[in-house]
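Structure file start-v1.cif (mmCIF, C-alpha atoms and all ligand atoms) follows.
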```
data_model
#
loop_
_atom_site.label_atom_id
_atom_site.label_comp_id
_atom_site.auth_asym_id
_atom_site.auth_seq_id
_atom_site.Cartn_x
_atom_site.Cartn_y
_atom_site.Cartn_z
CA MET Z 1 6.51 11.43 -16.81
CA ASP Z 2 4.61 14.51 -15.61
CA VAL Z 3 3.07 14.51 -12.17
CA PRO Z 4 -0.65 15.27 -12.46
CA GLU Z 5 -1.95 18.47 -10.95
CA HIS Z 6 -3.23 18.32 -7.39
CA THR Z 7 -6.95 17.61 -7.42
CA PRO Z 8 -8.95 20.53 -6.00
CA GLN Z 9 -10.76 19.58 -2.82
CA SER Z 10 -14.04 20.78 -1.39
CA ARG Z 11 -14.02 22.23 2.13
CA ALA Z 12 -15.89 19.20 3.41
CA GLU Z 13 -13.05 16.94 2.36
CA LEU Z 14 -10.50 19.12 4.08
CA ASP Z 15 -12.01 18.09 7.37
CA LYS Z 16 -9.62 18.42 10.31
CA ASP Z 17 -9.98 14.84 11.52
CA LEU Z 18 -9.22 13.50 8.07
CA MET Z 19 -6.19 15.78 7.65
CA LEU Z 20 -4.74 14.79 11.02
CA ASP Z 21 -5.48 11.11 10.48
CA LEU Z 22 -3.76 11.12 7.10
CA CYS Z 23 -0.78 13.00 8.55
CA ARG Z 24 -0.46 10.69 11.56
CA THR Z 25 -0.76 7.50 9.52
CA MET Z 26 1.77 8.66 6.90
CA SER Z 27 4.22 9.60 9.66
CA TYR Z 28 3.62 6.27 11.37
CA ILE Z 29 4.23 4.28 8.17
CA ARG Z 30 7.46 6.21 7.52
CA ALA Z 31 8.66 5.56 11.08
CA VAL Z 32 7.85 1.85 10.88
CA ASP Z 33 9.70 1.56 7.56
CA GLU Z 34 12.76 3.22 9.11
CA ARG Z 35 12.62 0.97 12.17
CA MET Z 36 12.31 -2.17 10.07
CA GLN Z 37 15.34 -1.13 8.05
CA SER Z 38 17.41 -0.40 11.14
CA LEU Z 39 16.47 -3.75 12.72
CA ILE Z 40 17.61 -5.55 9.57
CA ARG Z 41 20.77 -3.49 9.06
CA SER Z 42 21.82 -3.97 12.68
CA GLY Z 43 21.40 -7.73 12.35
CA GLN Z 44 18.67 -7.99 14.99
CA VAL Z 45 16.32 -9.65 12.49
CA THR Z 46 17.00 -11.41 9.19
CA ASN Z 47 13.73 -11.11 7.25
CA SER Z 48 13.40 -9.61 3.80
CA PHE Z 49 11.74 -6.21 3.46
CA ASN Z 50 10.62 -4.17 0.46
CA PRO Z 51 10.71 -0.53 1.59
CA THR Z 52 7.56 1.54 1.32
CA ARG Z 53 9.25 4.96 1.67
CA GLY Z 54 7.74 7.42 -0.81
CA GLN Z 55 4.48 5.48 -1.23
CA GLU Z 56 2.75 6.41 2.05
CA ALA Z 57 0.29 8.93 0.58
CA MET Z 58 -1.21 6.37 -1.80
CA ALA Z 59 -1.70 3.85 1.01
CA VAL Z 60 -3.50 6.29 3.30
CA GLY Z 61 -5.59 7.84 0.52
CA VAL Z 62 -6.77 4.40 -0.57
CA ALA Z 63 -7.53 3.25 2.97
CA ALA Z 64 -9.41 6.46 3.83
CA ALA Z 65 -11.79 5.86 0.93
CA MET Z 66 -12.69 2.34 2.08
CA ALA Z 67 -15.37 1.31 4.58
CA PRO Z 68 -14.42 -0.89 7.57
CA GLY Z 69 -15.94 -4.04 6.02
CA ASP Z 70 -14.24 -3.68 2.64
CA TYR Z 71 -11.56 -6.06 1.43
CA PHE Z 72 -8.13 -5.55 -0.09
CA CYS Z 73 -5.16 -7.36 -1.55
CA THR Z 74 -1.57 -6.15 -1.58
CA THR Z 75 1.94 -7.16 -2.58
CA TRP Z 76 5.48 -7.86 -1.26
CA ARG Z 77 5.74 -4.04 -0.96
CA GLY Z 78 2.58 -3.87 1.12
CA MET Z 79 3.44 -2.84 4.66
CA HIS Z 80 2.15 0.70 4.08
CA ASP Z 81 -1.16 -0.67 2.77
CA GLN Z 82 -1.45 -2.99 5.77
CA LEU Z 83 -0.67 -0.28 8.33
CA ALA Z 84 -3.01 2.23 6.67
CA ARG Z 85 -5.86 -0.23 7.24
CA GLY Z 86 -4.93 -0.61 10.90
CA VAL Z 87 -3.29 -4.04 10.97
CA ASP Z 88 -1.81 -4.60 14.45
CA LEU Z 89 1.86 -3.60 14.43
CA GLY Z 90 3.10 -6.10 17.02
CA ARG Z 91 1.58 -9.02 15.17
CA LEU Z 92 2.77 -7.62 11.83
CA PHE Z 93 6.38 -7.36 13.07
CA ALA Z 94 6.09 -10.84 14.60
CA GLU Z 95 5.02 -12.26 11.23
CA TYR Z 96 7.88 -10.51 9.44
CA PHE Z 97 10.30 -11.94 12.02
CA GLY Z 98 8.82 -15.47 11.75
CA ARG Z 99 7.47 -15.60 15.32
CA SER Z 100 4.50 -17.54 16.63
CA ASP Z 101 2.55 -14.40 17.63
CA GLY Z 102 2.58 -13.24 14.02
CA LEU Z 103 -0.59 -12.74 11.99
CA CYS Z 104 -0.02 -16.15 10.36
CA SER Z 105 1.64 -17.71 13.43
CA GLY Z 106 5.05 -16.89 11.95
CA LYS Z 107 4.67 -19.39 9.13
CA GLY Z 108 3.78 -16.98 6.32
CA GLY Z 109 6.46 -14.31 6.56
CA PRO Z 110 6.61 -10.89 4.88
CA MET Z 111 4.99 -11.98 1.62
CA HIS Z 112 1.99 -13.72 3.17
CA ILE Z 113 0.54 -11.21 5.59
CA PHE Z 114 -3.15 -11.96 6.17
CA ASP Z 115 -5.62 -10.28 8.51
CA ALA Z 116 -9.29 -10.95 7.80
CA SER Z 117 -10.29 -8.63 10.67
CA LYS Z 118 -9.00 -5.71 8.57
CA GLY Z 119 -10.25 -7.09 5.25
CA LEU Z 120 -6.74 -8.09 4.17
CA LEU Z 121 -7.36 -11.33 2.30
CA LEU Z 122 -4.11 -11.56 0.36
CA THR Z 123 -0.52 -10.36 0.41
CA SER Z 124 1.14 -11.96 -2.59
CA GLY Z 125 4.75 -12.26 -3.70
CA ILE Z 126 3.55 -13.10 -7.21
CA VAL Z 127 3.55 -10.08 -9.51
CA GLY Z 128 -0.10 -9.51 -10.51
CA GLY Z 129 -1.28 -12.29 -8.18
CA GLY Z 130 -3.56 -9.99 -6.21
CA LEU Z 131 -5.49 -8.68 -9.21
CA THR Z 132 -7.27 -11.88 -10.15
CA VAL Z 133 -7.88 -12.74 -6.50
CA ALA Z 134 -9.40 -9.27 -5.99
CA ALA Z 135 -11.70 -9.89 -8.94
CA GLY Z 136 -12.73 -13.16 -7.28
CA ILE Z 137 -13.40 -11.39 -4.00
CA GLY Z 138 -15.43 -8.82 -5.92
CA LEU Z 139 -17.44 -11.65 -7.49
CA ALA Z 140 -18.13 -13.07 -4.02
CA CYS Z 141 -19.28 -9.64 -2.79
CA LYS Z 142 -21.58 -9.31 -5.77
CA LEU Z 143 -23.07 -12.80 -5.36
CA LEU Z 144 -23.53 -12.27 -1.62
CA ASN Z 145 -24.89 -8.78 -2.28
CA ASN Z 146 -23.13 -7.68 0.92
CA GLY Z 147 -22.45 -4.08 -0.13
CA ARG Z 148 -18.69 -4.55 0.18
CA ILE Z 149 -16.00 -3.79 -2.35
CA CYS Z 150 -12.43 -5.00 -2.87
CA VAL Z 151 -9.34 -2.92 -3.63
CA ALA Z 152 -6.39 -4.47 -5.47
CA ASN Z 153 -3.15 -2.62 -4.64
CA PHE Z 154 -0.39 -3.35 -7.15
CA GLY Z 155 2.64 -1.88 -8.91
CA ASP Z 156 3.28 -0.55 -12.39
CA GLY Z 157 5.22 -3.68 -13.36
CA ALA Z 158 2.16 -5.79 -12.61
CA SER Z 159 0.24 -3.95 -15.31
CA ASN Z 160 2.43 -5.75 -17.87
CA ILE Z 161 1.47 -9.18 -16.52
CA GLY Z 162 -1.29 -11.24 -18.10
CA ALA Z 163 -3.21 -11.41 -14.83
CA PHE Z 164 -3.75 -7.62 -14.92
CA HIS Z 165 -5.52 -7.88 -18.28
CA GLU Z 166 -7.53 -10.96 -17.33
CA ALA Z 167 -8.65 -9.41 -14.07
CA LEU Z 168 -9.70 -6.06 -15.55
CA ASN Z 169 -11.50 -7.74 -18.43
CA LEU Z 170 -13.59 -10.10 -16.33
CA ALA Z 171 -14.22 -7.50 -13.62
CA SER Z 172 -15.69 -5.31 -16.34
CA VAL Z 173 -17.67 -8.08 -18.07
CA TRP Z 174 -19.25 -9.04 -14.75
CA GLN Z 175 -19.35 -5.44 -13.41
CA LEU Z 176 -17.62 -6.43 -10.19
CA PRO Z 177 -17.21 -4.08 -7.21
CA VAL Z 178 -13.43 -3.81 -7.49
CA VAL Z 179 -11.04 -0.86 -7.59
CA PHE Z 180 -7.65 -1.50 -9.16
CA ALA Z 181 -5.21 0.85 -7.42
CA CYS Z 182 -1.85 1.05 -9.16
CA GLN Z 183 1.16 2.48 -7.33
CA ASN Z 184 3.31 3.63 -10.23
CA ASN Z 185 6.84 4.09 -8.88
CA ARG Z 186 8.37 3.75 -12.38
CA TYR Z 187 10.42 0.67 -11.46
CA ALA Z 188 9.79 -3.05 -11.56
CA GLU Z 189 12.71 -4.50 -9.62
CA TYR Z 190 15.70 -3.12 -11.57
CA THR Z 191 13.85 -2.32 -14.81
CA PRO Z 192 12.70 1.26 -15.45
CA TYR Z 193 9.16 1.93 -16.59
CA SER Z 194 10.32 3.54 -19.84
CA VAL Z 195 11.83 0.33 -21.24
CA SER Z 196 9.06 -2.03 -20.18
CA THR Z 197 5.69 -0.32 -20.53
CA SER Z 198 3.89 0.61 -23.76
CA VAL Z 199 1.90 3.60 -22.48
CA ASP Z 200 2.76 6.83 -20.70
CA ARG Z 201 -0.06 6.36 -18.22
CA ILE Z 202 -1.28 2.99 -17.01
CA SER Z 203 -4.74 4.46 -16.45
CA THR Z 204 -5.19 4.65 -20.25
CA ARG Z 205 -5.30 0.85 -20.28
CA ALA Z 206 -8.70 1.09 -18.57
CA VAL Z 207 -10.26 2.15 -21.88
CA ALA Z 208 -9.55 -1.30 -23.34
CA TYR Z 209 -11.64 -2.85 -20.58
CA GLY Z 210 -14.54 -0.40 -20.62
CA MET Z 211 -13.93 1.15 -17.24
CA PRO Z 212 -12.89 4.59 -15.97
CA GLY Z 213 -9.16 5.19 -15.60
CA ASN Z 214 -7.74 8.06 -13.60
CA THR Z 215 -4.15 9.14 -12.94
CA VAL Z 216 -3.48 11.25 -9.84
CA ASP Z 217 -0.53 12.59 -7.89
CA GLY Z 218 0.25 9.57 -5.72
CA THR Z 219 2.29 11.71 -3.34
CA ASP Z 220 -0.80 13.73 -2.35
CA PRO Z 221 -3.11 11.77 -0.03
CA LEU Z 222 -6.05 14.07 -0.77
CA ALA Z 223 -5.74 13.58 -4.52
CA VAL Z 224 -5.63 9.81 -4.02
CA PHE Z 225 -8.54 9.95 -1.58
CA ALA Z 226 -10.73 11.94 -3.99
CA ALA Z 227 -10.11 9.59 -6.92
CA MET Z 228 -10.48 6.48 -4.79
CA ARG Z 229 -13.65 7.71 -3.13
CA ALA Z 230 -15.32 8.21 -6.51
CA ALA Z 231 -14.19 4.74 -7.62
CA VAL Z 232 -15.30 3.09 -4.37
CA ILE Z 233 -18.74 4.73 -4.50
CA ARG Z 234 -19.15 3.66 -8.11
CA ALA Z 235 -18.20 0.06 -7.25
CA ARG Z 236 -20.47 -0.06 -4.21
CA GLU Z 237 -23.43 1.32 -6.16
CA GLY Z 238 -23.15 -1.35 -8.85
CA GLY Z 239 -21.30 0.80 -11.40
CA GLY Z 240 -18.51 -1.73 -11.81
CA PRO Z 241 -14.72 -1.54 -11.55
CA SER Z 242 -12.31 1.37 -12.01
CA LEU Z 243 -8.58 1.82 -12.39
CA VAL Z 244 -6.83 4.48 -10.31
CA GLU Z 245 -3.14 5.14 -10.87
CA GLY Z 246 -0.96 7.17 -8.51
CA ILE Z 247 2.37 8.56 -9.70
CA LEU Z 248 4.94 8.31 -6.93
CA TRP Z 249 8.55 7.37 -6.16
CA ARG Z 250 10.15 4.24 -4.72
CA MET Z 251 12.58 5.95 -2.35
CA GLY Z 252 14.03 2.89 -0.62
CA GLY Z 253 14.91 0.66 -3.56
CA GLN Z 254 13.62 -2.78 -4.43
CA THR Z 255 14.64 -4.30 -1.12
CA VAL Z 256 16.84 -3.52 1.88
CA GLY Z 257 20.43 -3.75 0.61
CA ASP Z 258 19.64 -2.53 -2.91
CA ASP Z 259 22.29 0.15 -3.56
CA GLN Z 260 20.19 1.54 -6.45
CA ALA Z 261 23.33 2.19 -8.51
CA TYR Z 262 21.18 1.64 -11.61
CA VAL Z 263 18.83 4.53 -10.71
CA PRO Z 264 19.70 7.94 -12.26
CA ALA Z 265 20.36 10.87 -9.93
CA SER Z 266 17.39 12.74 -11.42
CA TYR Z 267 15.01 10.07 -10.03
CA PHE Z 268 16.26 10.69 -6.49
CA ALA Z 269 16.09 14.47 -6.98
CA ASP Z 270 12.46 14.20 -8.13
CA ALA Z 271 11.69 11.84 -5.26
CA GLU Z 272 13.10 14.22 -2.65
CA GLN Z 273 11.17 17.11 -4.13
CA ASN Z 274 7.95 15.11 -4.01
CA ASP Z 275 8.53 13.31 -0.71
CA PRO Z 276 4.95 12.87 0.54
CA VAL Z 277 5.56 12.79 4.29
CA PRO Z 278 7.40 16.09 4.91
CA THR Z 279 5.25 17.75 2.26
CA PHE Z 280 1.98 16.80 3.95
CA ARG Z 281 3.29 17.49 7.46
CA LYS Z 282 4.23 20.99 6.34
CA ARG Z 283 0.81 21.41 4.76
CA VAL Z 284 -1.11 20.57 7.94
CA VAL Z 285 0.93 23.11 9.89
CA VAL Z 286 0.82 25.88 7.26
CA GLN Z 287 -2.94 25.41 6.83
CA GLY Z 288 -3.50 25.53 10.59
CA TYR Z 289 -4.66 21.96 11.22
CA SER Z 290 -1.81 21.32 13.66
CA THR Z 291 1.34 22.86 15.11
CA ALA Z 292 4.98 21.79 15.00
CA SER Z 293 4.87 20.99 18.71
CA GLU Z 294 1.72 18.85 18.30
CA LEU Z 295 3.46 16.94 15.53
CA ALA Z 296 6.47 16.39 17.81
CA ASP Z 297 4.12 14.94 20.47
CA MET Z 298 2.54 12.75 17.81
CA ASP Z 299 5.98 11.49 16.75
CA ALA Z 300 6.83 10.61 20.35
CA GLU Z 301 3.60 8.58 20.63
CA ILE Z 302 4.40 6.81 17.37
CA LYS Z 303 7.90 5.97 18.62
CA SER Z 304 6.50 4.50 21.86
CA ALA Z 305 3.99 2.41 19.93
CA ILE Z 306 6.75 1.09 17.65
CA ASP Z 307 9.04 0.35 20.62
CA ALA Z 308 6.25 -1.67 22.25
CA ALA Z 309 5.45 -3.55 19.04
CA VAL Z 310 9.11 -4.44 18.42
CA ALA Z 311 9.52 -5.64 22.02
CA PHE Z 312 6.37 -7.77 21.68
CA ALA Z 313 7.53 -9.33 18.41
CA LEU Z 314 11.12 -9.99 19.50
CA ALA Z 315 9.87 -11.64 22.72
CA SER Z 316 7.71 -14.04 20.71
CA GLU Z 317 9.06 -17.57 20.10
CA ALA Z 318 9.59 -19.17 16.72
CA PRO Z 319 6.71 -21.52 15.85
CA HIS Z 320 7.12 -24.98 17.38
CA SER Z 321 7.66 -27.93 15.05
CA THR Z 322 4.36 -29.40 16.28
CA GLU Z 323 2.66 -26.46 14.50
CA LEU Z 324 4.11 -27.39 11.14
CA LEU Z 325 0.93 -28.91 9.73
CA THR Z 326 -1.66 -26.71 11.46
CA ASP Z 327 -3.40 -24.08 9.32
CA VAL Z 328 -2.27 -25.92 6.20
CA TYR Z 329 -5.58 -27.57 5.36
CA ALA Z 330 -9.07 -26.24 6.11
CA GLY Z 331 -10.46 -27.92 9.20
CA GLY Z 332 -7.28 -27.98 11.28
CA ALA Z 333 -4.23 -30.23 11.54
CA ALA Z 334 -3.47 -32.80 8.86
C1 LIG Z 401 5.20 -13.60 -11.59
C2 LIG Z 401 6.44 -12.96 -11.04
N1 LIG Z 401 7.44 -12.60 -11.88
C3 LIG Z 401 8.56 -12.01 -11.39
C4 LIG Z 401 8.70 -11.81 -10.05
C5 LIG Z 401 9.95 -11.11 -9.50
N2 LIG Z 401 9.60 -9.74 -9.07
C6 LIG Z 401 9.41 -9.43 -7.79
S1 LIG Z 401 9.01 -7.81 -7.56
C7 LIG Z 401 9.06 -7.54 -9.23
C8 LIG Z 401 8.78 -6.14 -9.77
C9 LIG Z 401 7.38 -5.74 -9.71
O1 LIG Z 401 7.27 -4.37 -10.00
P1 LIG Z 401 5.98 -3.54 -9.69
O2 LIG Z 401 4.77 -4.32 -10.06
O3 LIG Z 401 6.16 -2.22 -10.33
O4 LIG Z 401 5.96 -3.39 -8.10
P2 LIG Z 401 6.96 -2.62 -7.12
O5 LIG Z 401 7.98 -3.63 -6.65
O6 LIG Z 401 7.57 -1.51 -7.86
O7 LIG Z 401 6.11 -2.19 -5.97
C10 LIG Z 401 9.40 -8.67 -9.92
C11 LIG Z 401 9.56 -8.75 -11.39
C12 LIG Z 401 7.65 -12.21 -9.20
N3 LIG Z 401 7.69 -12.01 -7.88
N4 LIG Z 401 6.51 -12.76 -9.72
MG MG Z 402 6.95 -0.49 -9.56
#
```

Would you write out, as structure tokens, the structure that this file holds?
Amino acid sequence: MDVPEHTPQSRAELDKDLMLDLCRTMSYIRAVDERMQSLIRSGQVTNSFNPTRGQEAMAVGVAAAMAPGDYFCTTWRGMHDQLARGVDLGRLFAEYFGRSDGLCSGKGGPMHIFDASKGLLLTSGIVGGGLTVAAGIGLACKLLNNGRICVANFGDGASNIGAFHEALNLASVWQLPVVFACQNNRYAEYTPYSVSTSVDRISTRAVAYGMPGNTVDGTDPLAVFAAMRAAVIRAREGGGPSLVEGILWRMGGQTVGDDQAYVPASYFADAEQNDPVPTFRKRVVVQGYSTASELADMDAEIKSAIDAAVAFALASEAPHSTELLTDVYAGGAA
């Protein structure tokens, strides 16, 4: 599949703060992914983890287009989406590790990360599960007339699930303020896109549901930001839902421990060539937004923040058995 051309940006969008923020957050997500993998591989923690390497640009471009009060849903491969929205890293690690200081008191785990303070109302391990929930959140926003929108982050495989079609249909019928943001990494677990999906571009499916569909280079945060900003504005102004697809690469496999023997060498070659983090870091230096030494200082700060978050999470206790039934039913303990 061809990678779409980079979307031309206006000078206003190439604002220094935005460029540095995108660069810092992408670097941070990459560093957290690497730390999580090393903690698991060294046996210090035993949680599952779906790597986000290669998908950082989409996460930061989506988050940059959202307002602080907006909502979002994500998936098992959602740590980049969560970090891009500013979810606290110590509490995120603690939830992954099953500790009581986690975002869900250590009882949800990696596939149930929730943080209402950042608008994160669902992390789902069910393929396509977030799409219908996002439509429901969009319906709530519309009924409350609160000016908020909801973004559904999901993968290419989810676009072959019934929930995708139900969610897009009803979101369009009811003109809900939802943006469907598809991270197309061309794999659904161990199945390549080419043998499972009927269209070259998922965005073309938007036509069937009467909404705009746009495919962008999902390794370029500015291209993602531009497409998402247009879709978010449209949703917020009552124009209804949109589908935005980013083409990108799943560089770390389905999960930690996946040897990816089933992935052709050409996929890895393309991924390396389009690796969003070094590409964007180079761009901010070449275009004069930062220097190599400033990026090194930034990396040192990121490392310190990750060290502190890991220490916090590892020091946290497992939830006590007396907590088993709390937060299970609305209104407190059973
Ligand atoms: C309803 C359902 N069917 C199957 C699975 C098993 N499963 C987990 S991840 C996955 C692949 C999903 O691929 P995609 O939507 O492209 O997301 P990606 O993992 O590439 O981010 C599948 C089939 C599941 N979790 N839920
Ligand atoms: Mg996929």

**Report entry** Protein and nucleic residues near ligand MG 402 (chain Z), 12 Å, only C-alpha atoms and all ligand atoms, as a PyMOL selection string
**Finding:** chain Z and resi 50-52+54-55+75-77+127-128+153-160+182-194+196-197+202+245-254

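The smallest atom-to-atom distance between Z:Tyr28 and any of Z:Gly86, Z:Gly108, Z:Gly130, Z:Pro68, using all atoms listed in the file, is found for Z:Gly86.
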
Residues of stretch 60-160 of chain Z at most 12 Å from stretch 37-45 of chain Z: nearest atom pair and distance in Å, all atoms listed in the file, as JSON lines:
```
{"residue": "Z:Phe93", "atom": "CA", "partner": "Z:Val45", "partner_atom": "CA", "distance": 10.2}
{"residue": "Z:Ala94", "atom": "CA", "partner": "Z:Val45", "partner_atom": "CA", "distance": 10.5}
{"residue": "Z:Glu95", "atom": "CA", "partner": "Z:Val45", "partner_atom": "CA", "distance": 11.7}
{"residue": "Z:Tyr96", "atom": "CA", "partner": "Z:Val45", "partner_atom": "CA", "distance": 9.0}
{"residue": "Z:Phe97", "atom": "CA", "partner": "Z:Val45", "partner_atom": "CA", "distance": 6.5}
{"residue": "Z:Gly98", "atom": "CA", "partner": "Z:Val45", "partner_atom": "CA", "distance": 9.5}
{"residue": "Z:Arg99", "atom": "CA", "partner": "Z:Val45", "partner_atom": "CA", "distance": 11.0}
```

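Minimum distance to Z:Glu237 across Z:Val133, Z:Ala318, Z:Ala300, Z:Ile149 (counting all atoms listed in the file) occurs at Z:Ile149.
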
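Minimum distance to Z:Met19 across Z:Ser304, Z:Gln287, Z:Thr326, Z:Thr255 (counting all atoms listed in the file) occurs at Z:Gln287.
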
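Considering the residues Z:Leu143, Z:Met58, Z:Val87, Z:Ile161 and counting all atoms listed in the file, ligand LIG 401 (chain Z) has its shortest atom-to-atom contact with Z:Ile161.
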
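By chain and then residue number, the residues within 12 Å of Z:Ala292 are Pro278, Arg281, Lys282, Arg283, Val284, Val285, Val286, Gln287, Asp297, Met298 and Asp299 of chain Z, counting only C-alpha atoms and disregarding those fewer than 5 positions away in sequence.
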
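Taking atom CA of Z:Glu301 and atom CA of Z:Val60 as endpoints, the distance between them is 18.9 Å.
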